[in-house]
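Chemist: Provided herewith: my_file.cif, mmCIF, C-alpha atoms and all ligand atoms.
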```cif
data_entry
#
loop_
_atom_site.label_atom_id
_atom_site.label_comp_id
_atom_site.auth_asym_id
_atom_site.auth_seq_id
_atom_site.Cartn_x
_atom_site.Cartn_y
_atom_site.Cartn_z
CA MET A 1 136.45 -142.70 -40.48
CA ALA A 2 138.51 -144.95 -42.72
CA SER A 3 141.54 -145.57 -40.45
CA ASP A 4 140.19 -148.91 -39.11
CA ASN A 5 140.46 -150.71 -42.42
CA PHE A 6 143.19 -148.66 -44.04
CA THR A 7 146.99 -148.91 -43.50
CA VAL A 8 148.13 -145.47 -42.47
CA PRO A 9 151.76 -144.64 -43.46
CA ALA A 10 154.22 -144.70 -40.52
CA PRO A 11 154.60 -141.43 -38.61
CA VAL A 12 157.22 -139.25 -40.25
CA ALA A 13 157.51 -136.35 -37.81
CA THR A 14 160.50 -137.84 -35.93
CA ARG A 15 162.87 -137.84 -38.86
CA VAL A 16 163.81 -135.52 -41.64
CA VAL A 17 161.86 -136.29 -44.81
CA SER A 18 163.57 -135.89 -48.12
CA ARG A 19 161.71 -134.09 -50.88
CA ARG A 20 161.40 -137.39 -52.77
CA GLU A 21 159.94 -139.19 -49.73
CA PHE A 22 157.52 -136.29 -49.17
CA VAL A 23 156.17 -136.60 -52.69
CA GLN A 24 155.75 -140.37 -52.21
CA LEU A 25 153.90 -139.87 -48.88
CA ALA A 26 151.66 -137.26 -50.35
CA ALA A 27 150.79 -139.64 -53.21
CA ALA A 28 150.04 -142.41 -50.69
CA ALA A 29 147.80 -140.09 -48.65
CA ALA A 30 145.77 -138.99 -51.64
CA PRO A 31 143.62 -142.15 -51.84
CA LEU A 32 143.03 -141.90 -48.07
CA THR A 33 141.67 -138.37 -48.46
CA ALA A 34 139.47 -139.50 -51.33
CA LEU A 35 138.20 -142.44 -49.28
CA GLN A 36 137.41 -140.22 -46.31
CA ALA A 37 135.41 -137.91 -48.56
CA ASN A 38 133.44 -140.89 -49.92
CA THR A 39 132.65 -142.57 -46.62
CA ALA A 40 131.87 -139.45 -44.54
CA GLU A 41 128.20 -138.88 -43.57
CA PRO A 42 126.36 -137.04 -46.36
CA VAL A 43 125.78 -133.36 -45.54
CA ALA A 44 122.02 -133.65 -45.93
CA ALA A 45 119.45 -136.39 -46.45
CA LEU A 46 115.95 -136.56 -47.86
CA LYS A 47 113.34 -139.22 -47.16
CA VAL A 48 110.20 -139.38 -49.31
CA GLN A 49 107.28 -141.60 -48.40
CA VAL A 50 103.60 -142.05 -49.31
CA VAL A 51 101.38 -142.33 -46.23
CA ARG A 52 97.82 -143.69 -46.35
CA LEU A 53 95.50 -141.66 -44.12
CA LYS A 54 92.29 -143.36 -43.02
CA LEU A 55 89.13 -141.28 -42.95
CA ARG A 56 86.81 -141.33 -39.94
CA HIS A 57 83.81 -141.12 -42.29
CA THR A 58 83.73 -141.82 -46.02
CA TRP A 59 84.33 -138.37 -47.50
CA THR A 60 82.07 -137.23 -50.34
CA THR A 61 82.08 -133.94 -52.23
CA THR A 62 80.92 -133.11 -55.75
CA MET A 63 84.30 -134.42 -56.94
CA SER A 64 84.89 -137.77 -55.24
CA SER A 65 84.05 -140.24 -52.51
CA SER A 66 86.68 -142.19 -50.58
CA ALA A 67 87.56 -144.02 -47.34
CA TYR A 68 91.25 -143.04 -47.35
CA ARG A 69 93.67 -140.52 -48.82
CA ASP A 70 97.34 -140.92 -49.74
CA THR A 71 99.65 -137.97 -49.08
CA VAL A 72 103.36 -137.62 -49.74
CA HIS A 73 105.68 -136.98 -46.78
CA VAL A 74 109.19 -135.55 -46.78
CA ALA A 75 111.84 -135.62 -44.04
CA TYR A 76 114.78 -133.32 -44.74
CA THR A 77 117.80 -133.77 -42.43
CA ARG A 78 120.83 -131.51 -42.22
CA ASP A 79 123.14 -130.61 -39.31
CA GLY A 80 121.31 -133.11 -37.10
CA ILE A 81 117.99 -131.25 -37.60
CA THR A 82 115.02 -132.81 -39.43
CA GLY A 83 112.29 -130.76 -41.09
CA TYR A 84 109.00 -132.45 -42.01
CA GLY A 85 106.76 -131.67 -44.96
CA GLU A 86 103.61 -133.06 -46.55
CA GLY A 87 101.63 -132.59 -49.73
CA ALA A 88 98.13 -133.83 -50.55
CA PRO A 89 97.92 -134.30 -54.34
CA ILE A 90 94.67 -132.95 -55.82
CA ALA A 91 93.04 -135.20 -58.44
CA ARG A 92 91.34 -132.18 -60.05
CA TYR A 93 94.80 -130.92 -61.05
CA ASN A 94 95.77 -134.42 -62.32
CA GLU A 95 98.02 -135.15 -59.35
CA ASP A 96 98.40 -138.34 -57.34
CA ALA A 97 100.69 -139.56 -54.56
CA ALA A 98 102.86 -141.75 -56.80
CA GLY A 99 103.51 -138.81 -59.14
CA ALA A 100 104.26 -136.53 -56.18
CA ARG A 101 106.80 -139.02 -54.87
CA GLN A 102 108.45 -139.31 -58.30
CA THR A 103 108.64 -135.53 -58.57
CA LEU A 104 110.35 -135.26 -55.19
CA GLU A 105 112.79 -138.07 -56.04
CA ALA A 106 113.63 -136.27 -59.28
CA ALA A 107 114.19 -133.03 -57.31
CA ARG A 108 116.36 -134.76 -54.69
CA ALA A 109 119.67 -133.40 -56.07
CA LEU A 110 118.28 -129.85 -56.21
CA LEU A 111 116.82 -130.02 -52.69
CA LEU A 112 120.13 -131.28 -51.29
CA SER A 113 122.33 -129.05 -53.45
CA ARG A 114 122.71 -126.10 -51.08
CA ASP A 115 122.26 -124.95 -47.51
CA ALA A 116 118.57 -125.02 -46.60
CA MET A 117 118.83 -121.44 -45.34
CA GLN A 118 118.66 -120.65 -49.07
CA PHE A 119 115.15 -122.18 -49.10
CA ALA A 120 113.68 -119.37 -51.24
CA LYS A 121 116.31 -119.91 -53.94
CA ILE A 122 115.85 -123.70 -53.80
CA MET A 123 112.06 -123.39 -54.03
CA SER A 124 112.12 -120.86 -56.87
CA GLN A 125 114.32 -123.25 -58.87
CA PHE A 126 111.90 -126.11 -58.07
CA LEU A 127 108.87 -123.99 -59.07
CA GLU A 128 110.47 -122.83 -62.32
CA GLY A 129 112.07 -126.15 -63.24
CA VAL A 130 109.07 -128.44 -62.76
CA THR A 131 105.58 -127.86 -64.17
CA GLY A 132 102.54 -128.69 -62.01
CA ASN A 133 103.06 -131.10 -59.11
CA TRP A 134 102.03 -128.51 -56.51
CA ALA A 135 101.61 -131.02 -53.68
CA ALA A 136 105.20 -132.25 -54.14
CA LYS A 137 106.39 -128.64 -54.11
CA ALA A 138 104.35 -127.94 -50.97
CA ALA A 139 105.90 -130.95 -49.22
CA ALA A 140 109.42 -129.71 -50.02
CA ASP A 141 108.64 -126.09 -49.03
CA ILE A 142 107.13 -127.13 -45.69
CA ALA A 143 110.05 -129.46 -44.85
CA LEU A 144 112.63 -126.75 -45.66
CA LEU A 145 110.76 -124.13 -43.60
CA ASP A 146 110.28 -126.52 -40.66
CA TRP A 147 114.05 -127.09 -40.80
CA VAL A 148 114.75 -123.33 -40.95
CA GLY A 149 112.49 -122.62 -37.96
CA LYS A 150 114.21 -125.36 -35.97
CA LYS A 151 117.65 -124.10 -37.03
CA LEU A 152 116.75 -120.55 -35.91
CA GLY A 153 114.98 -121.84 -32.78
CA ILE A 154 111.69 -120.02 -33.54
CA PRO A 155 108.17 -121.18 -34.42
CA LEU A 156 107.18 -120.49 -38.04
CA TYR A 157 104.51 -117.92 -37.11
CA SER A 158 107.36 -115.88 -35.57
CA TYR A 159 109.47 -116.39 -38.66
CA PHE A 160 106.62 -114.77 -40.67
CA GLY A 161 106.32 -112.00 -38.06
CA LEU A 162 102.87 -113.06 -36.82
CA ASP A 163 101.17 -113.23 -33.43
CA ALA A 164 99.86 -116.66 -32.38
CA ALA A 165 97.06 -114.88 -30.48
CA ASP A 166 95.57 -113.74 -33.82
CA THR A 167 94.59 -117.19 -35.13
CA PRO A 168 91.00 -117.36 -36.41
CA VAL A 169 88.29 -119.88 -35.68
CA THR A 170 88.36 -122.86 -38.03
CA THR A 171 85.24 -124.35 -39.51
CA PHE A 172 84.61 -128.07 -39.35
CA SER A 173 83.47 -129.57 -42.65
CA ILE A 174 80.45 -131.78 -43.13
CA GLY A 175 80.75 -133.83 -46.36
CA ILE A 176 77.82 -134.90 -48.52
CA ASP A 177 75.92 -137.79 -46.93
CA SER A 178 72.51 -139.15 -46.00
CA PRO A 179 70.37 -136.83 -43.80
CA GLU A 180 70.84 -139.29 -40.94
CA MET A 181 74.66 -139.22 -41.19
CA ILE A 182 74.65 -135.44 -41.60
CA ARG A 183 72.72 -135.08 -38.35
CA GLU A 184 75.25 -137.38 -36.64
CA LYS A 185 78.27 -135.50 -38.05
CA THR A 186 76.72 -132.16 -37.05
CA ARG A 187 76.28 -133.43 -33.47
CA GLU A 188 79.91 -134.68 -33.45
CA ALA A 189 81.02 -131.16 -34.43
CA ALA A 190 79.43 -129.60 -31.32
CA GLU A 191 82.72 -127.98 -30.23
CA PHE A 192 82.99 -125.93 -33.47
CA PRO A 193 81.20 -122.56 -33.50
CA VAL A 194 81.01 -122.46 -37.33
CA LEU A 195 80.44 -125.36 -39.73
CA LYS A 196 81.24 -125.70 -43.42
CA ILE A 197 78.63 -127.64 -45.35
CA LYS A 198 79.37 -129.32 -48.67
CA LEU A 199 76.55 -128.85 -51.19
CA GLY A 200 76.21 -129.05 -54.96
CA ARG A 201 75.09 -132.63 -55.52
CA GLY A 202 71.38 -132.14 -55.92
CA SER A 203 70.39 -132.82 -52.30
CA ASP A 204 71.08 -129.27 -51.08
CA GLU A 205 67.71 -128.59 -49.39
CA GLU A 206 67.68 -131.99 -47.69
CA THR A 207 71.27 -131.53 -46.45
CA LEU A 208 70.71 -128.07 -45.03
CA GLU A 209 67.46 -129.14 -43.41
CA ALA A 210 69.32 -132.00 -41.68
CA VAL A 211 71.99 -129.63 -40.35
CA ARG A 212 69.40 -127.09 -39.21
CA SER A 213 67.44 -129.79 -37.37
CA VAL A 214 70.48 -130.16 -35.07
CA THR A 215 72.04 -126.70 -34.80
CA ASP A 216 71.42 -122.98 -35.38
CA LYS A 217 75.12 -122.00 -35.50
CA PRO A 218 76.50 -119.97 -38.43
CA LEU A 219 77.25 -122.00 -41.56
CA ARG A 220 79.51 -121.58 -44.56
CA VAL A 221 78.67 -123.42 -47.75
CA ASP A 222 80.98 -124.97 -50.34
CA ALA A 223 79.29 -125.91 -53.62
CA ASN A 224 82.55 -127.22 -55.16
CA GLU A 225 81.50 -126.04 -58.68
CA GLY A 226 78.30 -128.09 -58.31
CA TRP A 227 75.72 -125.57 -59.61
CA LYS A 228 75.88 -125.47 -63.35
CA ASP A 229 73.99 -122.31 -64.33
CA LYS A 230 73.95 -118.76 -63.06
CA GLU A 231 70.19 -118.54 -62.38
CA GLU A 232 70.32 -121.68 -60.26
CA ALA A 233 73.29 -120.23 -58.34
CA VAL A 234 71.46 -116.96 -57.62
CA ARG A 235 68.38 -118.86 -56.43
CA LYS A 236 70.42 -121.14 -54.15
CA ILE A 237 72.57 -118.36 -52.71
CA ASN A 238 69.60 -116.13 -51.86
CA TRP A 239 67.88 -119.11 -50.22
CA LEU A 240 71.09 -119.87 -48.25
CA GLU A 241 71.17 -116.28 -47.00
CA SER A 242 67.82 -116.91 -45.33
CA GLN A 243 69.28 -120.05 -43.71
CA GLY A 244 72.03 -118.30 -41.71
CA VAL A 245 74.84 -118.94 -44.19
CA GLU A 246 77.79 -116.50 -44.06
CA PHE A 247 79.36 -117.07 -47.47
CA VAL A 248 79.40 -119.45 -50.43
CA GLU A 249 82.51 -121.06 -51.84
CA GLN A 250 82.86 -121.84 -55.54
CA PRO A 251 79.19 -121.74 -56.60
CA LEU A 252 79.84 -122.22 -60.34
CA PRO A 253 82.53 -124.12 -62.26
CA ALA A 254 85.94 -122.43 -62.05
CA HIS A 255 86.05 -121.35 -65.71
CA MET A 256 82.67 -119.49 -65.46
CA ILE A 257 84.20 -116.27 -64.20
CA GLU A 258 81.90 -113.96 -66.22
CA GLN A 259 78.76 -115.80 -65.02
CA THR A 260 80.05 -115.65 -61.43
CA ARG A 261 80.43 -111.87 -61.81
CA TRP A 262 76.78 -111.80 -62.94
CA VAL A 263 75.75 -113.88 -59.92
CA ARG A 264 77.72 -111.69 -57.53
CA SER A 265 75.82 -108.59 -58.67
CA ARG A 266 72.52 -110.29 -57.70
CA VAL A 267 73.31 -111.71 -54.24
CA HIS A 268 74.35 -110.33 -50.85
CA LEU A 269 76.45 -113.23 -49.58
CA PRO A 270 80.20 -113.03 -50.26
CA LEU A 271 81.50 -115.49 -52.88
CA ILE A 272 84.84 -117.18 -52.27
CA ALA A 273 86.94 -118.72 -55.08
CA ASP A 274 88.53 -122.10 -54.40
CA GLU A 275 88.85 -124.23 -57.54
CA ALA A 276 89.08 -120.99 -59.57
CA CYS A 277 92.07 -119.81 -57.55
CA GLN A 278 95.15 -121.97 -57.54
CA ARG A 279 98.20 -119.74 -57.94
CA PRO A 280 99.19 -116.10 -57.30
CA ALA A 281 98.57 -115.07 -60.93
CA ASP A 282 94.94 -116.28 -60.77
CA ILE A 283 93.90 -113.72 -58.16
CA PRO A 284 93.79 -110.49 -60.21
CA LYS A 285 91.56 -112.25 -62.82
CA LEU A 286 89.00 -113.04 -60.09
CA ASN A 287 88.64 -109.51 -58.76
CA ASP A 288 85.00 -108.33 -59.22
CA ALA A 289 83.76 -111.93 -59.70
CA TYR A 290 84.54 -113.07 -56.17
CA ASP A 291 84.81 -111.35 -52.79
CA GLY A 292 87.65 -113.54 -51.59
CA VAL A 293 89.94 -116.49 -52.24
CA ASN A 294 90.51 -119.82 -50.53
CA ILE A 295 94.26 -120.46 -50.48
CA LYS A 296 95.66 -123.96 -49.93
CA LEU A 297 99.30 -125.02 -49.68
CA ASP A 298 98.62 -128.01 -51.95
CA LYS A 299 97.39 -125.67 -54.69
CA SER A 300 99.97 -122.90 -54.27
CA GLY A 301 103.05 -125.12 -53.85
CA GLY A 302 103.78 -124.35 -50.22
CA MET A 303 103.91 -121.66 -47.53
CA LEU A 304 106.03 -119.13 -49.42
CA GLU A 305 103.61 -119.04 -52.36
CA ALA A 306 100.58 -119.06 -50.05
CA TYR A 307 102.00 -116.08 -48.15
CA LYS A 308 102.42 -114.28 -51.48
CA MET A 309 98.79 -115.09 -52.43
CA ILE A 310 97.46 -113.76 -49.13
CA GLN A 311 99.31 -110.47 -49.69
CA ILE A 312 98.11 -110.15 -53.30
CA ALA A 313 94.48 -110.79 -52.30
CA LYS A 314 94.72 -108.25 -49.47
CA ALA A 315 96.27 -105.68 -51.79
CA LEU A 316 93.26 -106.14 -54.11
CA GLY A 317 90.84 -105.65 -51.20
CA MET A 318 89.69 -109.28 -51.25
CA LYS A 319 88.87 -111.51 -48.29
CA THR A 320 91.39 -114.24 -47.53
CA MET A 321 90.80 -117.79 -46.41
CA LEU A 322 93.17 -120.66 -45.71
CA GLY A 323 91.87 -124.12 -46.53
CA CYS A 324 93.39 -127.57 -46.71
CA MET A 325 92.94 -130.97 -48.23
CA ILE A 326 92.52 -134.12 -46.18
CA SER A 327 96.00 -134.46 -44.73
CA SER A 328 97.91 -135.09 -41.53
CA SER A 329 98.93 -132.52 -38.91
CA VAL A 330 102.10 -131.71 -40.90
CA SER A 331 100.33 -129.87 -43.72
CA VAL A 332 97.48 -128.49 -41.59
CA THR A 333 99.92 -127.10 -39.00
CA ALA A 334 101.96 -125.44 -41.75
CA ALA A 335 98.84 -123.65 -43.03
CA ALA A 336 97.82 -122.78 -39.47
CA HIS A 337 101.12 -120.92 -38.93
CA LEU A 338 99.95 -118.44 -41.63
CA SER A 339 96.38 -118.28 -40.32
CA PRO A 340 96.88 -115.14 -38.17
CA LEU A 341 96.95 -113.32 -41.54
CA VAL A 342 93.56 -114.43 -42.89
CA ASP A 343 89.88 -113.66 -42.39
CA TYR A 344 88.64 -117.27 -42.48
CA ALA A 345 90.18 -120.67 -41.78
CA ASP A 346 88.98 -124.08 -42.85
CA LEU A 347 91.84 -126.13 -41.41
CA ASP A 348 90.25 -129.36 -40.31
CA GLY A 349 91.84 -131.92 -42.70
CA ASN A 350 93.72 -133.63 -39.87
CA LEU A 351 90.55 -133.91 -37.76
CA LEU A 352 88.85 -135.98 -40.46
CA ILE A 353 91.41 -138.83 -40.22
CA SER A 354 91.87 -141.55 -37.59
CA ASN A 355 95.61 -142.34 -37.96
CA ASP A 356 97.39 -138.97 -37.84
CA PRO A 357 101.12 -139.79 -37.47
CA PHE A 358 101.86 -136.31 -36.05
CA GLN A 359 100.51 -133.81 -33.56
CA GLY A 360 100.77 -130.08 -34.14
CA VAL A 361 98.09 -127.37 -34.23
CA ARG A 362 95.19 -128.00 -31.86
CA VAL A 363 91.63 -126.70 -31.89
CA GLU A 364 90.08 -125.30 -28.73
CA ARG A 365 86.37 -124.50 -29.00
CA GLY A 366 86.95 -123.88 -32.69
CA ARG A 367 90.01 -121.61 -32.29
CA LEU A 368 93.31 -122.73 -33.82
CA ARG A 369 96.07 -123.01 -31.18
CA LEU A 370 99.59 -122.96 -32.60
CA PRO A 371 102.42 -124.93 -30.99
CA ALA A 372 105.23 -122.64 -29.72
CA ALA A 373 108.10 -125.10 -30.36
CA PRO A 374 110.56 -124.20 -33.18
CA GLY A 375 109.57 -124.77 -36.81
CA LEU A 376 106.15 -126.31 -37.30
CA GLY A 377 106.26 -127.40 -33.64
CA LEU A 378 105.22 -131.00 -34.38
MG MG B 401 86.37 -125.63 -51.42
#
```
Would you give me this structure, written as structure tokens?

Modeler:
Amino acid sequence: MASDNFTVPAPVATRVVSRREFVQLAAAAAPLTALQANTAEPVAALKVQVVRLKLRHTWTTTMSSSAYRDTVHVAYTRDGITGYGEGAPIARYNEDAAGARQTLEAARALLLSRDAMQFAKIMSQFLEGVTGNWAAKAAADIALLDWVGKKLGIPLYSYFGLDAADTPVTTFSIGIDSPEMIREKTREAAEFPVLKIKLGRGSDEETLEAVRSVTDKPLRVDANEGWKDKEEAVRKINWLESQGVEFVEQPLPAHMIEQTRWVRSRVHLPLIADEACQRPADIPKLNDAYDGVNIKLDKSGGMLEAYKMIQIAKALGMKTMLGCMISSSVSVTAAAHLSPLVDYADLDGNLLISNDPFQGVRVERGRLRLPAAPGLGL
């Protein structure tokens, strides 16, 4: 308060105050009121930070190879409660961490403009007012929802009306590498009942042979748009069926929807869209070309949009999958809270890093275990 360094007018209650004196006192008090308003604690605060996550193994897919990843983190504080959020910018959609931070700084006034219980209104204004920048939007959405869950005293899976006992198994991903390293990574993943193998860089047979020399567990394959023509895709997918593969993610480039429809009519394995499916409006266009969609918070712009996508895909009779980028436990735990809704989970981004600043969802023999504490439960 301001009273320490401000001369408060003498008490007036003990004597009768003339009308003229009253007006003078009121005028003197006015700056005090203004000062109090200026120096009081702000109602809400927002902290935005880029965090560098170190990878356990250099991570290679058809798109990139790197030893670390930068994600943007948000801490939203109001009423003594802090909600945490994170977004992993995806280079394929021309996003990076610096841009995500700038977007969040620019949205600061909007995010702090109203009570966070109006999170859906805040997020719809953010989604409509800013083009792209889905990772920044995801970070804000997750922080607001973590705050809401904490405010209500319930975990987010309860907020969405879900049962924590329904979480699926998550795959553990093996990135593109030398056969020797692939064997080592496959051994390290012993606790996971299903593995996801990255293919699409020309060493597919070699990679799968290396995995199969170590384990006979079910596999899921992600080609990350790596096969460039439909005949090649059909050949590879039918070969993968004979290798104990359950489904194939993004066999052809995202824009080749017609060719993917052609492929789908010639294979038995389900095809899952990832790069071809970013936002809710993409899903109806993919019906008939794919059997399911891989939904990620960093593509959709957060949990609210991801929830919407899951419902749209289900309404169209498609399989649903929740995936993630390389990120800390903040983002992965947020996705995991929605995982009781989906058929498949690939939520291992936090397990691929060595300096996770948070702890949230855990994996027990492959099954996702959600924390029961309010909000994300970090
Ligand atoms: Mg993928």

Chemist: Would you mind listing the residues within 10 Å of ligand MG 401 (chain B), counting only C-alpha atoms and all ligand atoms, as a PDB file with C-alpha atoms, keeping the file's coordinate frame?

Modeler:
```pdb
ATOM      1  CA  THR A  61      82.080-133.940 -52.230  1.00  0.00           C
ATOM      2  CA  LYS A 196      81.240-125.700 -43.420  1.00  0.00           C
ATOM      3  CA  LYS A 198      79.370-129.320 -48.670  1.00  0.00           C
ATOM      4  CA  VAL A 221      78.670-123.420 -47.750  1.00  0.00           C
ATOM      5  CA  ASP A 222      80.980-124.970 -50.340  1.00  0.00           C
ATOM      6  CA  ALA A 223      79.290-125.910 -53.620  1.00  0.00           C
ATOM      7  CA  ASN A 224      82.550-127.220 -55.160  1.00  0.00           C
ATOM      8  CA  GLU A 225      81.500-126.040 -58.680  1.00  0.00           C
ATOM      9  CA  VAL A 248      79.400-119.450 -50.430  1.00  0.00           C
ATOM     10  CA  GLU A 249      82.510-121.060 -51.840  1.00  0.00           C
ATOM     11  CA  GLN A 250      82.860-121.840 -55.540  1.00  0.00           C
ATOM     12  CA  PRO A 251      79.190-121.740 -56.600  1.00  0.00           C
ATOM     13  CA  ILE A 272      84.840-117.180 -52.270  1.00  0.00           C
ATOM     14  CA  ALA A 273      86.940-118.720 -55.080  1.00  0.00           C
ATOM     15  CA  ASP A 274      88.530-122.100 -54.400  1.00  0.00           C
ATOM     16  CA  GLU A 275      88.850-124.230 -57.540  1.00  0.00           C
ATOM     17  CA  ALA A 276      89.080-120.990 -59.570  1.00  0.00           C
ATOM     18  CA  VAL A 293      89.940-116.490 -52.240  1.00  0.00           C
ATOM     19  CA  ASN A 294      90.510-119.820 -50.530  1.00  0.00           C
ATOM     20  CA  ILE A 295      94.260-120.460 -50.480  1.00  0.00           C
ATOM     21  CA  LYS A 296      95.660-123.960 -49.930  1.00  0.00           C
ATOM     22  CA  GLY A 323      91.870-124.120 -46.530  1.00  0.00           C
ATOM     23  CA  CYS A 324      93.390-127.570 -46.710  1.00  0.00           C
ATOM     24  CA  MET A 325      92.940-130.970 -48.230  1.00  0.00           C
ATOM     25  CA  ASP A 346      88.980-124.080 -42.850  1.00  0.00           C
TER      26      ASP A 346
END
```

Chemist: Per residue of stretch 126-179 of chain A within 12 Å of stretch 116-122 of chain A, what are the shortest atom pair and its distance in Å to one decimal, counting only C-alpha atoms, with rows by chain and residue number, as a tab-separated table?

Modeler:
```
residue	atom	partner	partner_atom	distance
A:Phe126	CA	A:Ile122	CA	6.3
A:Leu127	CA	A:Ile122	CA	8.8
A:Glu128	CA	A:Ile122	CA	10.1
A:Gly129	CA	A:Ile122	CA	10.5
A:Lys137	CA	A:Ile122	CA	10.7
A:Ala140	CA	A:Phe119	CA	9.5
A:Asp141	CA	A:Phe119	CA	7.6
A:Ile142	CA	A:Phe119	CA	10.0
A:Ala143	CA	A:Ala116	CA	9.8
A:Leu144	CA	A:Phe119	CA	6.3
A:Leu145	CA	A:Phe119	CA	7.3
A:Asp146	CA	A:Ala116	CA	10.3
A:Trp147	CA	A:Ala116	CA	7.6
A:Val148	CA	A:Met117	CA	6.3
A:Gly149	CA	A:Met117	CA	9.8
A:Lys150	CA	A:Met117	CA	11.2
A:Lys151	CA	A:Met117	CA	8.8
A:Leu152	CA	A:Met117	CA	9.7
```

Chemist: Using Å and a single decimal, report how far atom CA of A:Ser158 sits from atom CA of A:Ser300.

Modeler: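 The value is 21.3 Å.
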
Chemist: Looking at A:Gly301, A:Phe160, A:Ser66, A:Ile312, which one is nearest to A:Ala281, with distances taken over only C-alpha atoms?

Modeler: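 Result for the nearest residue to A:Ala281: A:Ile312.
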
Chemist: For atom CA of A:Ser178 and atom CA of A:Asn355, quote the distance in Å rounded to one decimal.

Modeler: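 We find that atom CA of A:Ser178 and atom CA of A:Asn355 lie 24.7 Å from each other.
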
Chemist: So which residues fall inside 10 Å of (76.5, -130.9, -38.7) if we count all atoms listed in the file? Mind giving them as JSON, numbers by chain?

Modeler: {"A": [172, 173, 174, 175, 179, 181, 182, 183, 184, 185, 186, 187, 188, 189, 190, 192, 194, 195, 196, 197, 207, 208, 210, 211, 212, 213, 214, 215, 216, 217, 219]}

Chemist: Got a sec: who's within 8 Å of A:Leu162, counting all atoms listed in the file, leaving out chain neighbours fewer than 6 positions off, as a list in words?

Modeler: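 In the requested format, the answer is Leu338, Pro340 and Leu341 of chain A.
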
Chemist: Can you write out the residues you just picked, keeping C-alpha atoms, as a PDB file, in the coordinates of the input?

Modeler:
```pdb
ATOM      1  CA  LEU A 338      99.950-118.440 -41.630  1.00  0.00           C
ATOM      2  CA  PRO A 340      96.880-115.140 -38.170  1.00  0.00           C
ATOM      3  CA  LEU A 341      96.950-113.320 -41.540  1.00  0.00           C
TER       4      LEU A 341
END
```

Chemist: Mind checking which residues fall within 9 Å of A:Lys308, counting only C-alpha atoms, ignoring those fewer than 5 positions away in the same chain, and posting them as a list in words?

Modeler: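 The residues that qualify are Pro280, Met303 and Ala313 of chain A.
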
Chemist: With only C-alpha atoms as the counted atoms, please give the residues lying no more than 9 Å from A:Phe358, apart from itself and same-chain residues fewer than 5 positions off, as a ChimeraX atom specification.

Modeler: /A:328-330,378

Chemist: Please report the interatomic distance between atom CA of A:Glu246 and atom CA of A:Leu199 in Å with one decimal.

Modeler: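 So the answer is 14.3 Å.
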
Chemist: Using only C-alpha atoms, find all polymer residues with an atom at most 6 Å away from the point (107.6, -123.7, -36.9); report them as number ranges by chain.

Modeler: A: 146, 149, 155-156, 374-377

Chemist: Nearest to A:Leu347: which of A:Gly83, A:Pro168, A:Pro371, A:Gly99 is it, counting all atoms listed in the file?

Modeler: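 For A:Leu347, the nearest of the given residues is A:Pro168.
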